[in-house]
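Heads up, model-v4.csv below (CSV, C-alpha atoms):
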```
chain,number,residue,atom,x,y,z
A,1,MET,CA,-16.7,91.4,54.4
A,2,TYR,CA,-18.1,90.3,51.0
A,3,VAL,CA,-20.6,92.4,49.0
A,4,VAL,CA,-22.9,90.7,46.6
A,5,GLY,CA,-25.3,93.2,45.1
A,6,ASP,CA,-26.7,95.2,48.0
A,7,ILE,CA,-26.1,92.3,50.5
A,8,TYR,CA,-23.1,92.5,52.9
A,9,VAL,CA,-21.9,89.1,54.0
A,10,SER,CA,-19.7,88.8,57.1
A,11,ASP,CA,-16.3,87.1,56.7
A,12,GLU,CA,-17.3,84.5,59.3
A,13,ILE,CA,-19.9,83.0,57.0
A,14,ALA,CA,-17.1,82.1,54.6
A,15,GLU,CA,-14.5,81.2,57.2
A,16,GLU,CA,-16.2,79.4,60.0
A,17,CYS,CA,-16.9,75.7,59.7
A,18,PHE,CA,-20.3,74.3,60.5
A,19,ILE,CA,-22.5,71.2,60.0
A,20,CYS,CA,-25.6,70.8,62.2
A,21,ASP,CA,-25.2,67.8,64.5
A,22,LEU,CA,-28.7,67.0,65.6
A,23,GLU,CA,-27.5,63.9,67.4
A,24,LYS,CA,-25.7,66.1,69.9
A,25,CYS,CA,-27.7,69.4,70.0
A,26,LYS,CA,-31.2,67.7,69.7
A,27,GLY,CA,-32.5,70.8,67.8
A,28,ALA,CA,-31.8,73.2,70.6
A,29,CYS,CA,-32.2,76.2,68.3
A,30,CYS,CA,-35.9,75.4,68.1
A,31,VAL,CA,-36.3,75.8,71.9
A,32,GLU,CA,-33.7,78.2,73.1
A,33,GLY,CA,-33.9,82.0,73.0
A,34,GLU,CA,-36.5,84.6,73.9
A,35,LEU,CA,-38.7,84.5,70.8
A,36,GLY,CA,-39.8,82.1,68.1
A,37,ALA,CA,-38.3,82.0,64.6
A,38,PRO,CA,-38.3,85.3,62.7
A,39,LEU,CA,-40.9,85.4,59.8
A,40,LYS,CA,-40.8,87.4,56.6
A,41,ASN,CA,-44.0,89.3,55.8
A,42,GLU,CA,-44.5,87.2,52.7
A,43,GLU,CA,-44.5,84.0,54.8
A,44,LEU,CA,-47.5,85.1,56.9
A,45,PRO,CA,-50.1,84.4,54.2
A,46,ILE,CA,-48.4,81.2,53.2
A,47,LEU,CA,-48.8,80.0,56.8
A,48,GLN,CA,-52.4,81.0,56.8
A,49,ASP,CA,-53.0,79.2,53.5
A,50,GLU,CA,-51.0,76.0,54.4
A,51,ILE,CA,-52.0,75.5,58.1
A,52,GLU,CA,-54.5,72.8,57.3
A,53,ASN,CA,-51.8,70.8,55.6
A,54,ILE,CA,-49.3,71.4,58.4
A,55,ASP,CA,-51.7,70.9,61.4
A,56,PRO,CA,-51.5,67.1,61.4
A,57,TYR,CA,-47.8,67.3,61.9
A,58,LEU,CA,-47.9,69.5,65.0
A,59,SER,CA,-48.0,68.6,68.7
A,60,GLU,CA,-51.1,69.0,70.7
A,61,LYS,CA,-49.4,71.7,72.8
A,62,GLY,CA,-48.3,73.5,69.6
A,63,LYS,CA,-51.9,73.4,68.3
A,64,VAL,CA,-53.2,74.9,71.5
A,65,GLU,CA,-50.7,77.7,71.4
A,66,LEU,CA,-51.4,78.5,67.7
A,67,GLU,CA,-55.1,78.6,68.7
A,68,LYS,CA,-54.4,80.9,71.6
A,69,GLN,CA,-51.7,83.2,70.0
A,70,GLY,CA,-52.4,82.9,66.3
A,71,LEU,CA,-50.1,81.4,63.6
A,72,PHE,CA,-47.6,84.2,64.2
A,73,VAL,CA,-47.0,86.9,66.7
A,74,LEU,CA,-45.7,90.5,66.6
A,75,ASP,CA,-42.6,90.8,68.7
A,76,PRO,CA,-41.4,93.8,70.7
A,77,ASP,CA,-39.3,95.0,67.8
A,78,GLY,CA,-42.3,95.1,65.5
A,79,GLU,CA,-41.3,92.0,63.6
A,80,TYR,CA,-43.3,88.8,63.2
A,81,SER,CA,-42.1,85.5,64.6
A,82,THR,CA,-43.5,82.0,65.3
A,83,PRO,CA,-45.3,81.6,68.7
A,84,THR,CA,-43.7,79.6,71.4
A,85,ILE,CA,-45.0,77.2,74.0
A,86,GLY,CA,-44.5,78.7,77.4
A,87,GLY,CA,-41.7,81.0,76.1
A,88,LYS,CA,-39.7,77.9,75.1
A,89,GLU,CA,-40.0,75.7,72.0
A,90,CYS,CA,-41.5,77.0,68.8
A,91,ALA,CA,-45.1,76.1,68.5
A,92,TYR,CA,-44.4,74.4,65.1
A,93,ALA,CA,-41.6,72.2,66.6
A,94,VAL,CA,-42.3,68.6,67.5
A,95,TYR,CA,-40.4,66.2,69.7
A,96,GLU,CA,-39.3,63.0,67.9
A,97,ASN,CA,-39.1,59.6,69.8
A,98,ASP,CA,-35.3,60.1,70.2
A,99,GLY,CA,-35.8,63.5,72.0
A,100,LYS,CA,-34.8,65.6,69.0
A,101,LEU,CA,-36.9,68.5,67.9
A,102,ALA,CA,-38.1,68.6,64.4
A,103,CYS,CA,-40.1,71.2,62.4
A,104,GLY,CA,-43.7,70.2,61.9
A,105,ILE,CA,-43.8,72.4,58.8
A,106,GLU,CA,-40.8,70.7,57.3
A,107,LYS,CA,-42.2,67.3,58.1
A,108,ALA,CA,-45.3,68.2,56.1
A,109,TRP,CA,-43.1,69.5,53.3
A,110,LYS,CA,-41.1,66.3,53.2
A,111,ASP,CA,-44.3,64.3,52.9
A,112,GLY,CA,-45.4,66.5,50.0
A,113,LYS,CA,-48.3,68.0,51.9
A,114,THR,CA,-47.1,71.7,51.5
A,115,THR,CA,-44.8,73.6,49.2
A,116,PHE,CA,-43.7,75.7,52.2
A,117,ARG,CA,-40.5,74.1,53.5
A,118,LYS,CA,-40.2,76.1,56.7
A,119,PRO,CA,-39.4,79.7,57.6
A,120,VAL,CA,-36.4,80.9,55.7
A,121,SER,CA,-34.9,82.2,58.9
A,122,CYS,CA,-34.8,78.6,60.2
A,123,HIS,CA,-33.4,77.3,56.9
A,124,LEU,CA,-30.6,79.9,57.0
A,125,TYR,CA,-29.7,79.4,60.7
A,126,PRO,CA,-27.1,80.2,62.1
A,127,ILE,CA,-27.0,83.1,59.6
A,128,ARG,CA,-29.2,86.0,60.6
A,129,GLU,CA,-30.4,88.8,58.4
A,130,VAL,CA,-30.2,92.5,59.6
A,131,GLN,CA,-31.9,95.0,57.3
A,132,TYR,CA,-30.4,98.5,57.2
A,133,PRO,CA,-31.9,101.4,55.3
A,134,LYS,CA,-29.6,100.9,52.3
A,135,PHE,CA,-28.4,97.3,52.5
A,136,LEU,CA,-29.0,93.9,54.0
A,137,ALA,CA,-26.4,92.3,56.2
A,138,LEU,CA,-25.9,88.6,56.7
A,139,ASN,CA,-24.2,87.7,60.0
A,140,TYR,CA,-23.1,84.5,61.7
A,141,HIS,CA,-25.0,84.1,65.0
A,142,LYS,CA,-22.5,82.3,67.2
A,143,TRP,CA,-24.1,80.5,70.1
A,144,GLY,CA,-22.9,77.9,72.5
A,145,ILE,CA,-25.7,75.5,71.6
A,146,CYS,CA,-24.1,75.1,68.2
A,147,SER,CA,-20.7,74.1,69.4
A,148,PRO,CA,-21.3,70.5,68.2
A,149,ALA,CA,-22.0,71.9,64.8
A,150,CYS,CA,-18.8,73.8,64.8
A,151,GLU,CA,-16.8,70.8,65.9
A,152,LEU,CA,-18.4,68.6,63.2
A,153,GLY,CA,-17.9,71.3,60.6
A,154,LYS,CA,-14.2,71.6,61.5
A,155,LYS,CA,-13.8,67.8,61.4
A,156,MET,CA,-15.4,67.7,57.9
A,157,ASN,CA,-13.8,71.0,56.8
A,158,GLN,CA,-17.2,72.4,55.7
A,159,PRO,CA,-17.5,76.2,55.6
A,160,LEU,CA,-20.8,77.6,56.9
A,161,TYR,CA,-21.8,79.1,53.5
A,162,LEU,CA,-21.4,75.7,51.8
A,163,PHE,CA,-23.4,73.9,54.5
A,164,LEU,CA,-26.2,76.5,53.9
A,165,LYS,CA,-25.9,76.5,50.1
A,166,GLU,CA,-29.4,75.3,49.5
A,167,ALA,CA,-30.9,77.8,52.0
A,168,LEU,CA,-28.8,80.7,50.5
A,169,ILE,CA,-30.0,79.8,47.0
A,170,ARG,CA,-33.6,79.6,48.2
A,171,ARG,CA,-33.3,83.0,49.7
A,172,PHE,CA,-31.1,84.9,47.2
A,173,GLY,CA,-31.0,82.8,44.1
A,174,GLU,CA,-28.3,80.7,42.4
A,175,ALA,CA,-26.6,83.6,40.6
A,176,TRP,CA,-26.2,85.4,43.9
A,177,PHE,CA,-24.8,82.3,45.6
A,178,GLU,CA,-22.3,81.7,42.7
A,179,ASN,CA,-21.2,85.3,42.9
A,180,LEU,CA,-20.5,84.9,46.7
A,181,ARG,CA,-18.7,81.6,46.1
A,182,HIS,CA,-16.5,83.2,43.4
A,183,GLN,CA,-15.6,86.1,45.7
A,184,ILE,CA,-14.7,83.6,48.5
A,185,LYS,CA,-12.6,81.5,46.1
A,186,GLU,CA,-10.7,84.5,44.8
A,187,ARG,CA,-9.9,85.8,48.3
A,188,ASN,CA,-8.7,82.3,49.4
A,189,GLN,CA,-6.4,82.0,46.4
A,190,LYS,CA,-4.8,85.3,47.3
A,191,LYS,CA,-4.0,84.1,50.8
```
Take the structure I supplied and represent it as structure tokens, if you would.
Amino acid sequence: MYVVGDIYVSDEIAEECFICDLEKCKGACCVEGELGAPLKNEELPILQDEIENIDPYLSEKGKVELEKQGLFVLDPDGEYSTPTIGGKECAYAVYENDGKLACGIEKAWKDGKTTFRKPVSCHLYPIREVQYPKFLALNYHKWGICSPACELGKKMNQPLYLFLKEALIRRFGEAWFENLRHQIKERNQKK
């Protein structure tokens, strides 16, 4: 376990190798599971403000679900998440011509139509945040659908935390990330 400020980081985040392999998984994390993507409270007004810019990038089915359910839903745990289409894919996900799922929000961001890249939980995946009363824990969510990413990560010798460097900096800042990297480097040198 690594401790950076009041954030506890599981060893697996430093030790497991991981690189998303969309050619093989086709974006399965956008369709599998019981709920949509977790949303932070501060992301809710951003979605409300940016939906007009994002809307042209969404599927018709996604637009229908957003109209029906709203831009976000309250899950059984009292947390907000993205709505899903029939309990499957995220309402913000769109199928590409090659069958891969892409994020409509991120497509709008790449085209410069919004400053909101995508929910931070999606950007950080497969890292999941768990908030406890006195600290935040970052855990590696190991899931069979990501086995191609684990294989590619091992082949390229890319640790998960380095693969998610940009997302970790977005969420926690560059100084925090450098502190984590320093701790990992120090521990590896002692091995």
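Remark: for A:Ala108, the closest of the candidate residues A:Val130, A:Cys20, A:Ile54, A:Val31 is A:Ile54 (distances computed over all atoms listed in the file).
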Each residue of stretch 33-59 of chain A with at least one atom at most 9 Å from stretch 70-77 of chain A should appear once, together with its nearest atom pair and the corresponding distance in Å (one decimal); atoms considered: all atoms listed in the file; ordering: chain, then increasing residue number; output as CSV.
```
residue,atom,partner,partner_atom,distance
A:Leu35,CA,A:Asp75,CA,7.7
A:Gly36,CA,A:Val73,CA,8.8
A:Leu39,CA,A:Phe72,CA,8.1
A:Leu44,CA,A:Phe72,CA,7.4
A:Leu47,CA,A:Leu71,CA,7.1
A:Gln48,CA,A:Leu71,CA,7.2
A:Ile51,CA,A:Leu71,CA,8.3
```
* **stretch 173-176 of chain A surroundings by only C-alpha atoms, 10 Å radius, close-in-sequence under 6 positions cut, as an MDAnalysis selection string** => chainID A and resid 4:5 7 165:167 182
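Distances here use all atoms listed in the file; by that measure, the residue among A:Arg171, A:Lys185, A:Lys26, A:Lys61 closest to A:Cys122 is A:Arg171.
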For A:Gln131, list every protein, DNA or RNA residue within 12 Å, evaluated using all atoms listed in the file, and leave out those in the same chain fewer than 6 positions away; present the list as a PDB file with C-alpha atoms, in the frame of the given file.
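As written to disk, around-v2.pdb reads:
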```
ATOM      1  CA  ASP A   6     -26.700  95.200  48.000  1.00  0.00           C
ATOM      2  CA  ILE A   7     -26.100  92.300  50.500  1.00  0.00           C
ATOM      3  CA  TYR A   8     -23.100  92.500  52.900  1.00  0.00           C
ATOM      4  CA  LYS A  40     -40.800  87.400  56.600  1.00  0.00           C
ATOM      5  CA  GLU A  79     -41.300  92.000  63.600  1.00  0.00           C
ATOM      6  CA  ALA A 137     -26.400  92.300  56.200  1.00  0.00           C
ATOM      7  CA  LEU A 138     -25.900  88.600  56.700  1.00  0.00           C
ATOM      8  CA  ASN A 139     -24.200  87.700  60.000  1.00  0.00           C
TER       9      ASN A 139
END
```
* Asked: Looking at A:Thr114, A:Ala37, A:Tyr132, A:Asn179, which one is nearest to A:Pro83, with distances taken over all atoms listed in the file?
  ->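 Looking at the shortest contact to A:Pro83, the residue is A:Ala37.
Among the candidates A:Glu42, A:Glu12, A:Asp21, A:Glu32, the residue lying nearest to A:Met156 is A:Asp21 (atoms considered: only C-alpha atoms).
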* Asked: Which of these, A:Ala28, A:Glu186, A:Ile127, A:Asp111, has the shortest distance to A:Tyr95 once you count all atoms listed in the file?
  ->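 Going through A:Ala28, A:Glu186, A:Ile127, A:Asp111 one by one, the smallest distance to A:Tyr95 is for A:Ala28.
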* To do: With a distance cut-off of 12 Å and only C-alpha atoms, select the neighbouring residues of A:Cys17, excluding the residue or stretch itself and same-chain residues fewer than 3 positions from it, and output the selection as a ChimeraX atom specification.
  => /A:11-14,20,126,140,142,146-164
Limited to C-alpha atoms, could you put the picked residues into a file as a tab-separated table (two decimals), in the frame of the given file?
```tsv
chain	number	residue	atom	x	y	z
A	11	ASP	CA	-16.30	87.10	56.70
A	12	GLU	CA	-17.30	84.50	59.30
A	13	ILE	CA	-19.90	83.00	57.00
A	14	ALA	CA	-17.10	82.10	54.60
A	20	CYS	CA	-25.60	70.80	62.20
A	126	PRO	CA	-27.10	80.20	62.10
A	140	TYR	CA	-23.10	84.50	61.70
A	142	LYS	CA	-22.50	82.30	67.20
A	146	CYS	CA	-24.10	75.10	68.20
A	147	SER	CA	-20.70	74.10	69.40
A	148	PRO	CA	-21.30	70.50	68.20
A	149	ALA	CA	-22.00	71.90	64.80
A	150	CYS	CA	-18.80	73.80	64.80
A	151	GLU	CA	-16.80	70.80	65.90
A	152	LEU	CA	-18.40	68.60	63.20
A	153	GLY	CA	-17.90	71.30	60.60
A	154	LYS	CA	-14.20	71.60	61.50
A	155	LYS	CA	-13.80	67.80	61.40
A	156	MET	CA	-15.40	67.70	57.90
A	157	ASN	CA	-13.80	71.00	56.80
A	158	GLN	CA	-17.20	72.40	55.70
A	159	PRO	CA	-17.50	76.20	55.60
A	160	LEU	CA	-20.80	77.60	56.90
A	161	TYR	CA	-21.80	79.10	53.50
A	162	LEU	CA	-21.40	75.70	51.80
A	163	PHE	CA	-23.40	73.90	54.50
A	164	LEU	CA	-26.20	76.50	53.90
```
* Nearby residues, (-33.6, 71.5, 65.1) file frame, 6 Å, all atoms listed in the file, as a VMD selection string -> chain A and resid 27 29 to 30 101 to 102
* Asked: Rounded to one decimal in Å, what is the spacing between atom CA of A:Asp55 and atom CA of A:Gly104?
  -> 8.0 Å
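The space separating atom CA of A:Lys191 from atom CA of A:Phe177 comes to 21.5 Å.
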* **Using all atoms listed in the file: which of A:Ser81, A:Ser10, A:Gln69, A:Ser59 has the shortest distance to A:Pro38** =>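 Closest candidate: A:Ser81.
Picture a line from atom CA of A:Arg170 to atom CA of A:Glu106; it runs 14.6 Å.
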